[in-house]
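Everything below concerns the one structure shown next.
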Amino acid sequence: MAGADPISPPIESRADLIEVMARGSKPREEWRIGTEHEKHVFHTDPLRPVAYGGPDGIAALLEGVRAETGWHYFYDREHPIGMRNDEIAGGISLEPGGQFELSGAPQKDLHGTAAETAEHMRVSKKVGSALDIHFLGLGVTPLWSVADMPAMPKSRYAIMAPYMGKTGTLGTSMMFRSATVQTNVDFSSEADMVKKLRVSLALQPVVTALFANSPFVDGKESGYLSFRSHIWLNTDADRTGMLPFVFEDGFGFERYADYALDVPMYFVIRDGKYVNVAGESFRDFLEGKLPQLPGDKPTLKDWENHLSTLFPEVRLKQFLEMRGADMGDEASVTALSALWTGLLYDDVALDVASELVAEWTAEERQKLREEVPRTALRTAWPGDILRFGDVKDAAREIVGIASAGLARRNVLNEKGEDESIYLAPLEEIIQRDETRAEYWLKKYRGEWAGDLTRIFAEAEL
């Protein structure tokens with residue numbers, strides 16, 4: 001196993017594959033809330049994407065944030081590609097087209113999440129203003145093509161991009177011009193993981209509808225309210241989707257491991273370098289049969305890296321990652337974590353949500369997934385669930401369940417307010433019957449008179 005991570009032990013058995021996920025189980029008092037969000041970056045003079053290098057590039061932004069925070073770089077070869085905090089988990093990284101991502105530290109409550117996001121944006125905007133770098137809160141860049149977007153100097157993306165071009169029609173759009181918000185939640189046991197994964201997978205299209213915020217692409221209307229979500233329907237079907245097997249009897253860590261083993265690989269890291277094994281089988285790797293690394297067998301770190309290259313609507317690692325939302329404004333970042341915290345971290349709310357989705361069929365879940373990107377909350381409800389006329393009815397119900405769950409948590413800020421205050425953006429969307437995407441379309445067709453450059457000022461973070 002020459003060149004493998006010297007700290008990571010080799011995989012000795014099938015049980016090792018399962019243990020990588022199972023060791024994420026932790027008691028309730030150790031549950032935390034993780035929030036990740038990606039921002040598009042742009043210059044205004046003239047209006048254009050931001051390259052990595054140069055005096056006003058992404059590298060200069062990283063250096064300015066490093067100087068402000070004291071965090072330390074991590075590198076790909078000689079290039080700084082992000083930074084970490086020595087004192088707490090979390091850090092900053094770059095997505096393929098320069099999207100600036102905060103991987104937030106695990107927070108005990110949503111008040112901490114909101115404060116963390118606010119501080120990150122304060123520092124980023126302070127540094128960015130001197131470089132004419134600005135941050136855009138949309139799910140997809142509204143003007144620029146994939147070819148217009150600069151590529152960040154990250155070896156894994158140089159492997160992924162060509163493979164994406166072979167396995168879907170919009171995979172490179174996902175990489176270079178989309179941006180999301182993600183909430184990470186814990187589980188206490190395999191049974192708790194299964195319950196939370198089923199609820200969150202079933203509800204993910206409803207959440208996508210609530211957070212729809214990408215109605216433009218290539219300088220015009222895309223025909224979708226969440227073009228970012230549409231992109232994922234056309235990105236490498238082997239590693240994306242609604243995972244219908246999760247709802248089958250007997251599902252658990254082992255079944256997810258079987259799924260992951262059948263997803264083609266991207267890369268293996270040896271001696272600090274990325275080895276291109278795109279399309280190869282992890283099962284062959286377990287037997288030392290990778291053509292690129294003959295005789296070499298994987299470590300636990302290799303398996304963890306492989307799990308991170310799966311992109312279903314909810315991803316299982318040592319926690320659950322909610323992956324269905326478009327990026328929006330700062331309040332919407334915390335709103336996503338508030339929604340999932342209220343639904344999944346209160347036993348009553350989780351039970352109610354579990355009962356709500358229990359009768360939805362795989363066909364209904366998939367139909368929602370396919371139609372929501374275009375029509376969001378106005379998507380007609382499929383099947384025979386007569387309690388809902390459209391997705392907005394379901395959204396209203398799940399926001400109410402989450403609000404009650406947060407109220408029961410009763411975690412108060414210095415003003416005596418509980419965490420349900422962070423659901424306000426979602427409650428407003430439902431009350432106004434208008435997603436952010438529809439709000440932007442109204443502006444574009446009205447006062448902007450088709451001038452899409454106006455969105456950069458109005459959707460700037």
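Chain labels A, B, ... are given in the sequence in which chains occur in the structure tokens; within each chain residues are numbered consecutively from 1, and ligands are likewise numbered from 1 in the order shown.
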
- Task: Would you please give, as a PyMOL selection string, all residues of range 110-186 of chain A that DSSP assigns to alpha helix (DSSP H) based on the backbone?
- Result: chain A and resi 110-129+155-167+171-177

- [ ] Taking the DSSP assignment computed from this structure's backbone, write out as a PyMOL selection string all residues of range 119-226 of chain A that belong to strand (DSSP E or B).
- [x] chain A and resi 134-136+140+178+180-185+214+216-217+220-221+226

Restrict the calculation to only C-alpha atoms, then for each residue of range 308-426 of chain A with any atom at most 12 Å from an atom of range 290-304 of chain A give the closest atom pair and their distance in Å to one decimal, rows by chain and rising residue number, as CSV.
```
residue,atom,partner,partner_atom,distance
A:Ser308,CA,A:Glu304,CA,6.4
A:Thr309,CA,A:Glu304,CA,9.1
A:Leu310,CA,A:Glu304,CA,10.6
A:Leu316,CA,A:Glu304,CA,10.8
A:Lys317,CA,A:Glu304,CA,7.8
A:Gln318,CA,A:Glu304,CA,9.4
```

Open item on the list: Show me, as JSON, numbers by chain, the residues that have an atom within 8 Å of Leu197 in chain A when counting only C-alpha atoms, minus same-chain residues fewer than 3 positions from it.
Closed with: {"A": [193, 194, 200, 201, 246, 314, 320]}

Residues at most 9 Å from Ile421 in chain A, counting only C-alpha atoms, excluding those fewer than 5 positions away in the same chain, as a count of residues only? 3

Select from range 192-282 of chain A every residue with an atom at most 12 Å from any atom of range 424-445 of chain A, then for each give the shortest pair of atoms and their distance in Å to one decimal, using only C-alpha atoms, rows by chain and rising number, as a Markdown table.
```
| residue | atom | partner | partner_atom | distance |
| --- | --- | --- | --- | --- |
| A:Val206 | CA | A:Leu426 | CA | 11.8 |
| A:Val207 | CA | A:Leu426 | CA | 9.9 |
| A:Thr208 | CA | A:Thr435 | CA | 10.5 |
| A:Ala209 | CA | A:Thr435 | CA | 7.8 |
| A:Leu210 | CA | A:Thr435 | CA | 6.5 |
| A:Phe211 | CA | A:Thr435 | CA | 7.1 |
| A:Ala212 | CA | A:Ala437 | CA | 5.7 |
| A:Asn213 | CA | A:Ala437 | CA | 4.4 |
| A:Ser214 | CA | A:Ala437 | CA | 5.9 |
| A:Pro215 | CA | A:Ala437 | CA | 5.4 |
| A:Phe216 | CA | A:Leu441 | CA | 8.5 |
| A:Gly219 | CA | A:Tyr444 | CA | 11.1 |
| A:Lys220 | CA | A:Tyr444 | CA | 9.5 |
| A:Glu221 | CA | A:Leu441 | CA | 7.9 |
| A:Ser222 | CA | A:Leu441 | CA | 10.4 |
| A:Gly223 | CA | A:Leu441 | CA | 10.4 |
| A:Tyr224 | CA | A:Ala437 | CA | 8.7 |
| A:Leu225 | CA | A:Ala437 | CA | 5.4 |
| A:Ser226 | CA | A:Ala437 | CA | 7.3 |
| A:Phe227 | CA | A:Ala437 | CA | 9.8 |
| A:Arg228 | CA | A:Ala437 | CA | 11.5 |
```

Please produce an output containing N, CA and C atoms for each residue in the selection, written as a PDB file, in the first residue's frame.
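Saved the output as selection.pdb:
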```
ATOM      1  N   VAL A 206     -39.863  18.891  -1.228  1.00  0.00           N
ATOM      2  CA  VAL A 206     -40.630  19.984  -0.636  1.00  0.00           C
ATOM      3  C   VAL A 206     -39.682  21.093  -0.198  1.00  0.00           C
ATOM      4  N   VAL A 207     -38.560  20.721   0.376  1.00  0.00           N
ATOM      5  CA  VAL A 207     -37.557  21.701   0.789  1.00  0.00           C
ATOM      6  C   VAL A 207     -36.961  22.402  -0.424  1.00  0.00           C
ATOM      7  N   THR A 208     -36.688  21.657  -1.474  1.00  0.00           N
ATOM      8  CA  THR A 208     -36.204  22.263  -2.718  1.00  0.00           C
ATOM      9  C   THR A 208     -37.173  23.327  -3.203  1.00  0.00           C
ATOM     10  N   ALA A 209     -38.464  23.035  -3.123  1.00  0.00           N
ATOM     11  CA  ALA A 209     -39.479  23.995  -3.556  1.00  0.00           C
ATOM     12  C   ALA A 209     -39.435  25.257  -2.708  1.00  0.00           C
ATOM     13  N   LEU A 210     -39.342  25.109  -1.390  1.00  0.00           N
ATOM     14  CA  LEU A 210     -39.300  26.260  -0.493  1.00  0.00           C
ATOM     15  C   LEU A 210     -38.091  27.156  -0.766  1.00  0.00           C
ATOM     16  N   PHE A 211     -36.978  26.552  -1.125  1.00  0.00           N
ATOM     17  CA  PHE A 211     -35.729  27.297  -1.291  1.00  0.00           C
ATOM     18  C   PHE A 211     -35.412  27.582  -2.760  1.00  0.00           C
ATOM     19  N   ALA A 212     -36.380  27.399  -3.665  1.00  0.00           N
ATOM     20  CA  ALA A 212     -36.135  27.619  -5.097  1.00  0.00           C
ATOM     21  C   ALA A 212     -35.649  29.043  -5.334  1.00  0.00           C
ATOM     22  N   ASN A 213     -34.453  29.162  -5.922  1.00  0.00           N
ATOM     23  CA  ASN A 213     -33.825  30.482  -6.046  1.00  0.00           C
ATOM     24  C   ASN A 213     -32.822  30.505  -7.200  1.00  0.00           C
ATOM     25  N   SER A 214     -33.188  29.858  -8.298  1.00  0.00           N
ATOM     26  CA  SER A 214     -32.295  29.875  -9.465  1.00  0.00           C
ATOM     27  C   SER A 214     -33.111  29.820 -10.749  1.00  0.00           C
ATOM     28  N   PRO A 215     -33.807  30.925 -11.089  1.00  0.00           N
ATOM     29  CA  PRO A 215     -34.674  30.923 -12.264  1.00  0.00           C
ATOM     30  C   PRO A 215     -33.996  31.344 -13.560  1.00  0.00           C
ATOM     31  N   PHE A 216     -32.713  31.714 -13.492  1.00  0.00           N
ATOM     32  CA  PHE A 216     -32.017  32.209 -14.677  1.00  0.00           C
ATOM     33  C   PHE A 216     -30.776  31.372 -14.966  1.00  0.00           C
ATOM     34  N   GLY A 219     -28.010  34.051 -18.997  1.00  0.00           N
ATOM     35  CA  GLY A 219     -28.514  35.379 -19.292  1.00  0.00           C
ATOM     36  C   GLY A 219     -29.987  35.479 -19.606  1.00  0.00           C
ATOM     37  N   LYS A 220     -30.748  34.412 -19.338  1.00  0.00           N
ATOM     38  CA  LYS A 220     -32.178  34.454 -19.631  1.00  0.00           C
ATOM     39  C   LYS A 220     -32.931  33.546 -18.668  1.00  0.00           C
ATOM     40  N   GLU A 221     -34.251  33.573 -18.755  1.00  0.00           N
ATOM     41  CA  GLU A 221     -35.058  32.694 -17.935  1.00  0.00           C
ATOM     42  C   GLU A 221     -34.745  31.242 -18.284  1.00  0.00           C
ATOM     43  N   SER A 222     -34.605  30.422 -17.255  1.00  0.00           N
ATOM     44  CA  SER A 222     -34.236  29.021 -17.474  1.00  0.00           C
ATOM     45  C   SER A 222     -35.434  28.124 -17.743  1.00  0.00           C
ATOM     46  N   GLY A 223     -36.640  28.591 -17.392  1.00  0.00           N
ATOM     47  CA  GLY A 223     -37.819  27.742 -17.459  1.00  0.00           C
ATOM     48  C   GLY A 223     -38.035  26.932 -16.196  1.00  0.00           C
ATOM     49  N   TYR A 224     -37.140  27.137 -15.231  1.00  0.00           N
ATOM     50  CA  TYR A 224     -37.216  26.436 -13.950  1.00  0.00           C
ATOM     51  C   TYR A 224     -37.146  27.462 -12.820  1.00  0.00           C
ATOM     52  N   LEU A 225     -37.777  27.125 -11.705  1.00  0.00           N
ATOM     53  CA  LEU A 225     -37.626  27.965 -10.521  1.00  0.00           C
ATOM     54  C   LEU A 225     -36.390  27.575  -9.727  1.00  0.00           C
ATOM     55  N   SER A 226     -36.012  26.290  -9.821  1.00  0.00           N
ATOM     56  CA  SER A 226     -34.726  25.856  -9.276  1.00  0.00           C
ATOM     57  C   SER A 226     -33.963  25.135 -10.383  1.00  0.00           C
ATOM     58  N   PHE A 227     -33.235  25.920 -11.175  1.00  0.00           N
ATOM     59  CA  PHE A 227     -32.421  25.296 -12.212  1.00  0.00           C
ATOM     60  C   PHE A 227     -31.312  24.464 -11.581  1.00  0.00           C
ATOM     61  N   ARG A 228     -30.860  24.861 -10.386  1.00  0.00           N
ATOM     62  CA  ARG A 228     -29.847  24.055  -9.697  1.00  0.00           C
ATOM     63  C   ARG A 228     -30.364  22.639  -9.452  1.00  0.00           C
TER      64      ARG A 228
END
```

Excluding Lys26 in chain A and any residue of its chain fewer than 5 positions from it, enumerate the residues within 9 Å of it, using only C-alpha atoms, and give them as a list in words.
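Result of the neighbour search: Trp31, Asp186, Phe187, Ser188 and Ser189 of chain A.
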
Checklist entry - Nearest to Lys196 in chain A: which of A:Glu355, A:Met83, A:Leu143, A:Ala331 is it, counting only C-alpha atoms? => result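 Looking at the shortest contact to Lys196 in chain A, the residue is A:Glu355.
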
Quick one: of A:Ser145, A:Thr379, A:Thr44, A:Ser337, who's nearest to Gln107 in chain A, counting only C-alpha atoms?
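Looking at the shortest contact to Gln107 in chain A, the residue is A:Ser337.
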
Checklist entry - Just how far from CA of Ala179 in chain A is CA of Glu397 in chain A, in Å to one decimal? => result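 Rounded to one decimal, the two atoms are 26.7 Å apart.
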
| query | What's the 10 Å shell around Asp76 in chain A, counting only C-alpha atoms, without same-chain residues fewer than 2 positions away, as a PyMOL selection string? | reply | chain A and resi 74+78-82+153-156+272-274

Do you have, as JSON lines, the list of residues of range 308-373 of chain A lying at most 9 Å from range 114-118 of chain A, each with its nearest atom pair and that distance in Å to one decimal, counting only C-alpha atoms and ordered by chain then number?
```
{"residue": "A:Glu330", "atom": "CA", "partner": "A:Thr117", "partner_atom": "CA", "distance": 7.3}
{"residue": "A:Ala331", "atom": "CA", "partner": "A:Ala114", "partner_atom": "CA", "distance": 8.0}
{"residue": "A:Val333", "atom": "CA", "partner": "A:Thr117", "partner_atom": "CA", "distance": 8.0}
{"residue": "A:Thr334", "atom": "CA", "partner": "A:Ala114", "partner_atom": "CA", "distance": 5.8}
```

**Report entry** Gap from CA of Pro46 in chain A to CA of Phe100 in chain A - Å, one decimal
**Finding:**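 Distance between the two atoms: 19.9 Å.
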
ask   = Mind pulling up the distance from CA of Ala362 in chain A to CA of Pro244 in chain A?
value =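 Separation of CA of Pro244 in chain A and CA of Ala362 in chain A: 6.2 Å.
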
Wanna dump the range 102-205 of chain A-range 64-69 of chain A contacts at 7 Å for me, each residue with its shortest atom pair and the distance in Å to one decimal, counting only C-alpha atoms, ordered by chain and number, as a Markdown table?
```
| residue | atom | partner | partner_atom | distance |
| --- | --- | --- | --- | --- |
| A:Val123 | CA | A:Val65 | CA | 6.6 |
| A:Ser124 | CA | A:Val65 | CA | 6.5 |
| A:Val127 | CA | A:Gly64 | CA | 5.7 |
```

inquiry  = Give me, as an NGL selection string, all polymer residues having an atom no more than 6 Å from range 92-99 of chain A, counting only C-alpha atoms and skipping those fewer than 6 positions away in the same chain.
reply    = :A and (38-40 or 82-83 or 149-152 or 175-176)

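Counting only C-alpha atoms, the residue from A:Arg122, A:Gly112, A:Asp347, A:Leu233 that sits nearest to Tyr422 in chain A is A:Gly112.
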